[in-house]
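What's in run_29.cif: mmCIF, C-alpha atoms
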data_model
#
loop_
_atom_site.label_atom_id
_atom_site.label_comp_id
_atom_site.auth_asym_id
_atom_site.auth_seq_id
_atom_site.Cartn_x
_atom_site.Cartn_y
_atom_site.Cartn_z
CA MET M 17 0.00 0.00 0.00
CA GLU M 18 1.50 3.29 -1.14
CA LEU M 19 -1.00 6.01 -0.26
CA LEU M 20 -0.74 9.35 -2.02
CA PHE M 21 -2.90 12.34 -1.07
CA LYS M 22 -3.40 14.98 -3.75
CA PRO M 23 -5.40 18.16 -3.19
CA PHE M 24 -8.82 17.58 -4.74
CA VAL M 25 -9.33 19.65 -7.91
CA GLU M 26 -12.26 20.05 -10.28
CA ALA M 27 -10.84 17.55 -12.79
CA ASP M 28 -11.03 14.89 -10.04
CA ILE M 29 -14.84 14.99 -10.03
CA ALA M 30 -15.10 12.84 -13.16
CA VAL M 31 -12.67 10.25 -11.76
CA PHE M 32 -13.97 10.09 -8.19
CA SER M 33 -17.75 10.37 -8.76
CA PRO M 34 -18.08 6.74 -9.91
CA ILE M 35 -15.87 5.65 -7.01
CA MET M 36 -18.03 7.54 -4.51
CA LYS M 37 -21.19 6.09 -6.09
CA ARG M 38 -19.89 2.52 -5.79
CA ALA M 39 -18.86 3.06 -2.17
CA PHE M 40 -22.18 4.54 -1.06
CA ASP M 41 -24.28 2.13 -3.13
CA ARG M 42 -22.53 -0.85 -1.53
CA ASP M 43 -23.29 0.51 1.94
CA SER M 44 -26.92 1.08 0.98
CA LEU M 45 -27.21 -2.46 -0.39
CA ILE M 46 -25.57 -4.09 2.65
CA HIS M 47 -27.51 -2.17 5.30
CA LEU M 48 -30.80 -1.19 3.69
CA GLY M 49 -31.19 -3.78 0.94
CA LYS M 50 -31.43 -0.96 -1.61
CA PRO M 51 -29.28 -1.01 -4.76
CA SER M 52 -28.40 2.66 -4.46
CA GLY M 53 -28.36 5.45 -1.94
CA GLY M 54 -26.24 8.18 -0.46
CA PRO M 55 -26.27 11.87 0.38
CA PRO M 56 -27.72 14.24 -2.23
CA GLY M 57 -25.39 14.49 -5.22
CA TYR M 58 -23.23 11.51 -4.31
CA ASP M 59 -23.99 9.93 -7.68
CA ASP M 60 -23.63 12.85 -10.08
CA GLY M 61 -20.56 14.76 -8.88
CA SER M 62 -22.47 17.62 -7.29
CA PHE M 63 -21.61 16.44 -3.75
CA LEU M 64 -17.91 16.45 -4.61
CA LYS M 65 -18.20 19.83 -6.31
CA LYS M 66 -20.04 21.38 -3.37
CA TRP M 67 -18.06 19.93 -0.46
CA PHE M 68 -14.66 18.80 -1.80
CA LEU M 69 -14.09 22.05 -3.72
CA HIS M 70 -15.45 24.28 -0.96
CA PRO M 71 -12.88 27.03 -0.29
CA ARG M 72 -12.75 26.26 3.47
CA ALA M 73 -12.42 22.49 3.04
CA SER M 74 -9.23 20.49 3.01
CA ALA M 75 -10.07 17.76 0.54
CA TYR M 76 -7.88 15.08 -0.98
CA ALA M 77 -8.04 12.60 -3.80
CA VAL M 78 -6.43 9.43 -2.44
CA TYR M 79 -4.39 7.03 -4.58
CA ASP M 80 -2.58 3.78 -4.02
CA GLY M 81 0.38 4.48 -6.27
CA SER M 82 -1.31 5.67 -9.45
CA THR M 83 -4.68 3.98 -8.78
CA PRO M 84 -7.47 6.27 -7.50
CA ILE M 85 -9.07 4.59 -4.48
CA GLY M 86 -11.10 7.22 -2.61
CA GLY M 87 -11.29 10.63 -1.08
CA VAL M 88 -11.39 12.50 2.19
CA ASN M 89 -12.90 15.87 3.06
CA LEU M 90 -11.84 17.71 6.23
CA TRP M 91 -12.80 20.93 7.94
CA ILE M 92 -9.90 22.25 9.98
CA LYS M 93 -10.65 24.92 12.57
CA ASN M 94 -8.11 27.24 14.20
CA ASN M 95 -9.08 26.11 17.71
CA GLY M 96 -7.64 22.59 17.48
CA HIS M 97 -10.87 21.05 16.28
CA GLY M 98 -11.37 19.17 13.04
CA PHE M 99 -14.42 17.70 11.37
CA LEU M 100 -14.28 14.73 9.04
CA GLY M 101 -16.93 15.55 6.46
CA CYS M 102 -16.51 12.50 4.27
CA LEU M 103 -14.17 9.57 3.80
CA PHE M 104 -14.92 7.05 1.06
CA VAL M 105 -13.06 4.11 -0.41
CA ASP M 106 -13.89 2.37 -3.67
CA ASP M 107 -15.84 -0.80 -2.89
CA ARG M 108 -13.21 -2.75 -4.84
CA PHE M 109 -10.67 -1.81 -2.13
CA GLU M 110 -12.84 -2.17 0.98
CA ASP M 111 -11.89 -4.53 3.80
CA LYS M 112 -8.20 -4.29 2.93
CA GLY M 113 -7.11 -1.67 5.47
CA TYR M 114 -7.31 1.35 3.18
CA GLY M 115 -9.84 3.29 5.25
CA THR M 116 -7.82 2.86 8.43
CA ALA M 117 -4.59 3.79 6.63
CA ILE M 118 -6.24 6.90 5.19
CA TRP M 119 -7.49 7.96 8.61
CA LYS M 120 -4.11 7.39 10.29
CA ALA M 121 -2.48 9.47 7.56
CA VAL M 122 -5.00 12.27 8.17
CA GLU M 123 -4.11 12.28 11.86
CA ARG M 124 -0.40 12.51 11.00
CA MET M 125 -1.08 15.34 8.52
CA HIS M 126 -2.89 17.34 11.22
CA PRO M 127 -1.08 16.95 14.55
CA GLU M 128 -2.51 20.32 15.64
CA ILE M 129 -6.00 18.83 15.93
CA THR M 130 -6.88 17.84 19.49
CA THR M 131 -10.49 16.81 18.82
CA TRP M 132 -11.95 15.24 15.69
CA GLN M 133 -15.66 14.90 15.06
CA THR M 134 -17.74 13.24 12.36
CA GLU M 135 -21.27 12.11 11.63
CA THR M 136 -22.42 8.87 10.02
CA PRO M 137 -25.81 7.34 9.18
CA SER M 138 -27.55 5.25 11.83
CA PHE M 139 -27.95 2.32 9.45
CA SER M 140 -24.28 2.00 8.56
CA PHE M 141 -23.04 -0.50 11.12
CA ARG M 142 -19.82 -0.93 9.12
CA ASN M 143 -19.11 2.77 9.55
CA HIS M 144 -19.79 2.52 13.30
CA HIS M 145 -17.34 -0.36 13.55
CA PHE M 146 -14.76 1.49 11.43
CA TYR M 147 -14.88 4.78 13.32
CA ILE M 148 -15.22 3.34 16.83
CA ASN M 149 -13.16 0.13 16.71
CA LYS M 150 -10.58 0.98 14.05
CA CYS M 151 -10.13 4.74 14.39
CA GLY M 152 -10.80 5.34 18.10
CA PHE M 153 -13.88 7.57 17.93
CA HIS M 154 -16.69 7.29 20.45
CA CYS M 155 -20.38 8.09 20.08
CA ILE M 156 -21.41 11.39 21.66
CA ALA M 157 -25.00 11.65 20.35
CA ILE M 158 -27.59 9.90 18.23
CA LYS M 159 -30.14 11.90 16.23
CA ASP M 160 -33.44 10.17 15.44
CA PRO M 161 -32.32 6.71 16.64
CA LYS M 162 -35.57 5.06 15.54
CA ASP M 163 -35.30 6.44 12.00
CA ARG M 164 -32.96 3.92 10.42
CA GLU M 165 -32.54 5.76 7.11
CA ASN M 166 -32.37 9.37 8.31
CA GLY M 167 -30.90 9.02 11.80
CA SER M 168 -27.28 9.91 12.52
CA TYR M 169 -24.51 8.99 14.91
CA PHE M 170 -22.28 11.85 16.04
CA LEU M 171 -18.77 10.68 16.86
CA GLU M 172 -15.73 12.28 18.48
CA LYS M 173 -12.09 11.42 18.98
CA ASN M 174 -9.91 13.17 21.53
CA MET M 175 -6.28 13.06 20.49
CA LYS M 176 -4.71 13.71 23.89
#

Could I get this file's structure written as structure tokens?
Amino acid sequence: MELLFKPFVEADIAVFSPIMKRAFDRDSLIHLGKPSGGPPGYDDGSFLKKWFLHPRASAYAVYDGSTPIGGVNLWIKNNGHGFLGCLFVDDRFEDKGYGTAIWKAVERMHPEITTWQTETPSFSFRNHHFYINKCGFHCIAIKDPKDRENGSYFLEKNMK
């Protein structure tokens, strides 16, 4: 595994939109039994354009050597807090340690961050396992816990 992080640029939308679609669709199929699903615009590039090209975001196209494998979108605040907006890995590379390696690289890239936060859908038990058991986050709140499709888990990781 030879991870390479490149600042996300507009030309990346065409390459990473199908990757994002595959990643989110797989999660939807596994957890909801639906062949597709994700946040608005996940399947047409508009999510990447809106959030990965946002002027205040730190967003990266992630490669293994020359192979595009996923992306990560971060919001870095001046007070030592960071928010993980999105981390996705192509479903062809899932369950091979890429997500964990990407997250560990993010932590190394931002040693100034003392607290990380993120949000993930209630239905995505794989995400819960990943963030809590692999990355060291803990759950701080659950929004709409009985609404499987629209509920959210709010997670936090203290770096100290």

Go through range 66-90 of chain M residue by residue and, counting only C-alpha atoms, keep those with an atom at most 6 Å from range 24-43 of chain M; for each kept residue give the shortest atom pair and its distance in Å to one decimal, ordered by chain and increasing number, as CSV.
residue,atom,partner,partner_atom,distance
M:Ala75,CA,M:Phe24,CA,5.4
M:Tyr76,CA,M:Phe24,CA,4.6
M:Ala77,CA,M:Phe24,CA,5.1

Task: Residues returned when the PyMOL selection byres ((chain M and resi 115) around 12) runs on this file, as a PyMOL selection string - done: chain M and resi 17+19+39+78-80+85-88+102-107+109-114+116-122+142-143+145-147+150-151

Open item on the list: So the first atom is CA of Leu20 in chain M and the second is CA of Gly81 in chain M; what is the distance between them in Å, to one decimal place?
Closed with: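 Computing the Euclidean distance for CA of Leu20 in chain M and CA of Gly81 in chain M yields 6.6 Å.
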
- [ ] Go ahead and compute the interatomic distance for CA of Ser62 in chain M and CA of Glu123 in chain M, in Å to one decimal.
- [x] 27.1 Å

- [ ] Find the distance between CA of Pro137 in chain M and CA of Pro71 in chain M and write it in Å to one decimal.
- [x]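 Computing it gives 25.4 Å between the two atoms.
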
Open item on the list: Which residue is closest to Thr130 in chain M? Choose from M:Gly98, M:Gly152, M:Gly167, M:Gly53 and count all atoms listed in the file.
Closed with: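 When distances to Thr130 in chain M are compared using all atoms listed in the file, the smallest one comes from M:Gly98.
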
File contents for range 39-65 of chain M with N, CA and C atoms as a PDB file, in the first residue's frame:
ATOM      1  N   ALA M  39     -19.043   3.184  -3.612  1.00  0.00           N
ATOM      2  CA  ALA M  39     -18.856   3.055  -2.168  1.00  0.00           C
ATOM      3  C   ALA M  39     -20.182   3.230  -1.421  1.00  0.00           C
ATOM      4  N   PHE M  40     -20.928   4.279  -1.751  1.00  0.00           N
ATOM      5  CA  PHE M  40     -22.185   4.537  -1.058  1.00  0.00           C
ATOM      6  C   PHE M  40     -23.254   3.519  -1.443  1.00  0.00           C
ATOM      7  N   ASP M  41     -23.288   3.125  -2.708  1.00  0.00           N
ATOM      8  CA  ASP M  41     -24.277   2.132  -3.131  1.00  0.00           C
ATOM      9  C   ASP M  41     -24.062   0.796  -2.422  1.00  0.00           C
ATOM     10  N   ARG M  42     -22.809   0.414  -2.233  1.00  0.00           N
ATOM     11  CA  ARG M  42     -22.531  -0.847  -1.535  1.00  0.00           C
ATOM     12  C   ARG M  42     -23.041  -0.780  -0.098  1.00  0.00           C
ATOM     13  N   ASP M  43     -22.813   0.341   0.570  1.00  0.00           N
ATOM     14  CA  ASP M  43     -23.285   0.511   1.938  1.00  0.00           C
ATOM     15  C   ASP M  43     -24.816   0.442   1.991  1.00  0.00           C
ATOM     16  N   SER M  44     -25.460   1.089   1.044  1.00  0.00           N
ATOM     17  CA  SER M  44     -26.920   1.077   0.979  1.00  0.00           C
ATOM     18  C   SER M  44     -27.445  -0.346   0.759  1.00  0.00           C
ATOM     19  N   LEU M  45     -26.790  -1.084  -0.110  1.00  0.00           N
ATOM     20  CA  LEU M  45     -27.209  -2.460  -0.386  1.00  0.00           C
ATOM     21  C   LEU M  45     -27.022  -3.355   0.843  1.00  0.00           C
ATOM     22  N   ILE M  46     -25.866  -3.249   1.484  1.00  0.00           N
ATOM     23  CA  ILE M  46     -25.568  -4.085   2.654  1.00  0.00           C
ATOM     24  C   ILE M  46     -26.530  -3.807   3.802  1.00  0.00           C
ATOM     25  N   HIS M  47     -26.767  -2.524   4.087  1.00  0.00           N
ATOM     26  CA  HIS M  47     -27.509  -2.172   5.296  1.00  0.00           C
ATOM     27  C   HIS M  47     -28.998  -1.919   5.104  1.00  0.00           C
ATOM     28  N   LEU M  48     -29.388  -1.505   3.909  1.00  0.00           N
ATOM     29  CA  LEU M  48     -30.798  -1.194   3.685  1.00  0.00           C
ATOM     30  C   LEU M  48     -31.460  -2.107   2.656  1.00  0.00           C
ATOM     31  N   GLY M  49     -30.652  -2.920   1.979  1.00  0.00           N
ATOM     32  CA  GLY M  49     -31.195  -3.779   0.942  1.00  0.00           C
ATOM     33  C   GLY M  49     -31.607  -3.009  -0.305  1.00  0.00           C
ATOM     34  N   LYS M  50     -31.114  -1.794  -0.445  1.00  0.00           N
ATOM     35  CA  LYS M  50     -31.429  -0.956  -1.606  1.00  0.00           C
ATOM     36  C   LYS M  50     -30.215  -0.921  -2.528  1.00  0.00           C
ATOM     37  N   PRO M  51     -30.421  -0.981  -3.836  1.00  0.00           N
ATOM     38  CA  PRO M  51     -29.284  -1.013  -4.762  1.00  0.00           C
ATOM     39  C   PRO M  51     -28.507   0.292  -4.863  1.00  0.00           C
ATOM     40  N   SER M  52     -29.112   1.390  -4.406  1.00  0.00           N
ATOM     41  CA  SER M  52     -28.396   2.664  -4.465  1.00  0.00           C
ATOM     42  C   SER M  52     -28.854   3.549  -3.320  1.00  0.00           C
ATOM     43  N   GLY M  53     -28.007   4.503  -2.989  1.00  0.00           N
ATOM     44  CA  GLY M  53     -28.356   5.454  -1.942  1.00  0.00           C
ATOM     45  C   GLY M  53     -27.133   6.130  -1.379  1.00  0.00           C
ATOM     46  N   GLY M  54     -27.305   7.383  -1.028  1.00  0.00           N
ATOM     47  CA  GLY M  54     -26.239   8.184  -0.455  1.00  0.00           C
ATOM     48  C   GLY M  54     -26.722   9.604  -0.271  1.00  0.00           C
ATOM     49  N   PRO M  55     -25.861  10.473   0.181  1.00  0.00           N
ATOM     50  CA  PRO M  55     -26.271  11.869   0.375  1.00  0.00           C
ATOM     51  C   PRO M  55     -26.595  12.512  -0.975  1.00  0.00           C
ATOM     52  N   PRO M  56     -27.380  13.574  -0.968  1.00  0.00           N
ATOM     53  CA  PRO M  56     -27.724  14.238  -2.229  1.00  0.00           C
ATOM     54  C   PRO M  56     -26.479  14.585  -3.043  1.00  0.00           C
ATOM     55  N   GLY M  57     -26.495  14.179  -4.311  1.00  0.00           N
ATOM     56  CA  GLY M  57     -25.395  14.490  -5.219  1.00  0.00           C
ATOM     57  C   GLY M  57     -24.235  13.521  -5.198  1.00  0.00           C
ATOM     58  N   TYR M  58     -24.332  12.463  -4.383  1.00  0.00           N
ATOM     59  CA  TYR M  58     -23.229  11.505  -4.309  1.00  0.00           C
ATOM     60  C   TYR M  58     -23.001  10.789  -5.633  1.00  0.00           C
ATOM     61  N   ASP M  59     -24.038  10.732  -6.464  1.00  0.00           N
ATOM     62  CA  ASP M  59     -23.989   9.927  -7.680  1.00  0.00           C
ATOM     63  C   ASP M  59     -23.803  10.727  -8.968  1.00  0.00           C
ATOM     64  N   ASP M  60     -23.749  12.046  -8.861  1.00  0.00           N
ATOM     65  CA  ASP M  60     -23.625  12.851 -10.085  1.00  0.00           C
ATOM     66  C   ASP M  60     -22.494  13.887 -10.034  1.00  0.00           C
ATOM     67  N   GLY M  61     -21.690  13.832  -9.000  1.00  0.00           N
ATOM     68  CA  GLY M  61     -20.561  14.758  -8.879  1.00  0.00           C
ATOM     69  C   GLY M  61     -20.878  16.044  -8.146  1.00  0.00           C
ATOM     70  N   SER M  62     -22.151  16.338  -7.928  1.00  0.00           N
ATOM     71  CA  SER M  62     -22.473  17.621  -7.286  1.00  0.00           C
ATOM     72  C   SER M  62     -22.077  17.641  -5.807  1.00  0.00           C
ATOM     73  N   PHE M  63     -22.092  16.490  -5.130  1.00  0.00           N
ATOM     74  CA  PHE M  63     -21.613  16.435  -3.748  1.00  0.00           C
ATOM     75  C   PHE M  63     -20.126  16.787  -3.699  1.00  0.00           C
ATOM     76  N   LEU M  64     -19.353  16.176  -4.571  1.00  0.00           N
ATOM     77  CA  LEU M  64     -17.910  16.447  -4.611  1.00  0.00           C
ATOM     78  C   LEU M  64     -17.648  17.915  -4.958  1.00  0.00           C
ATOM     79  N   LYS M  65     -18.385  18.427  -5.906  1.00  0.00           N
ATOM     80  CA  LYS M  65     -18.200  19.834  -6.308  1.00  0.00           C
ATOM     81  C   LYS M  65     -18.513  20.774  -5.151  1.00  0.00           C
TER      82      LYS M  65
END
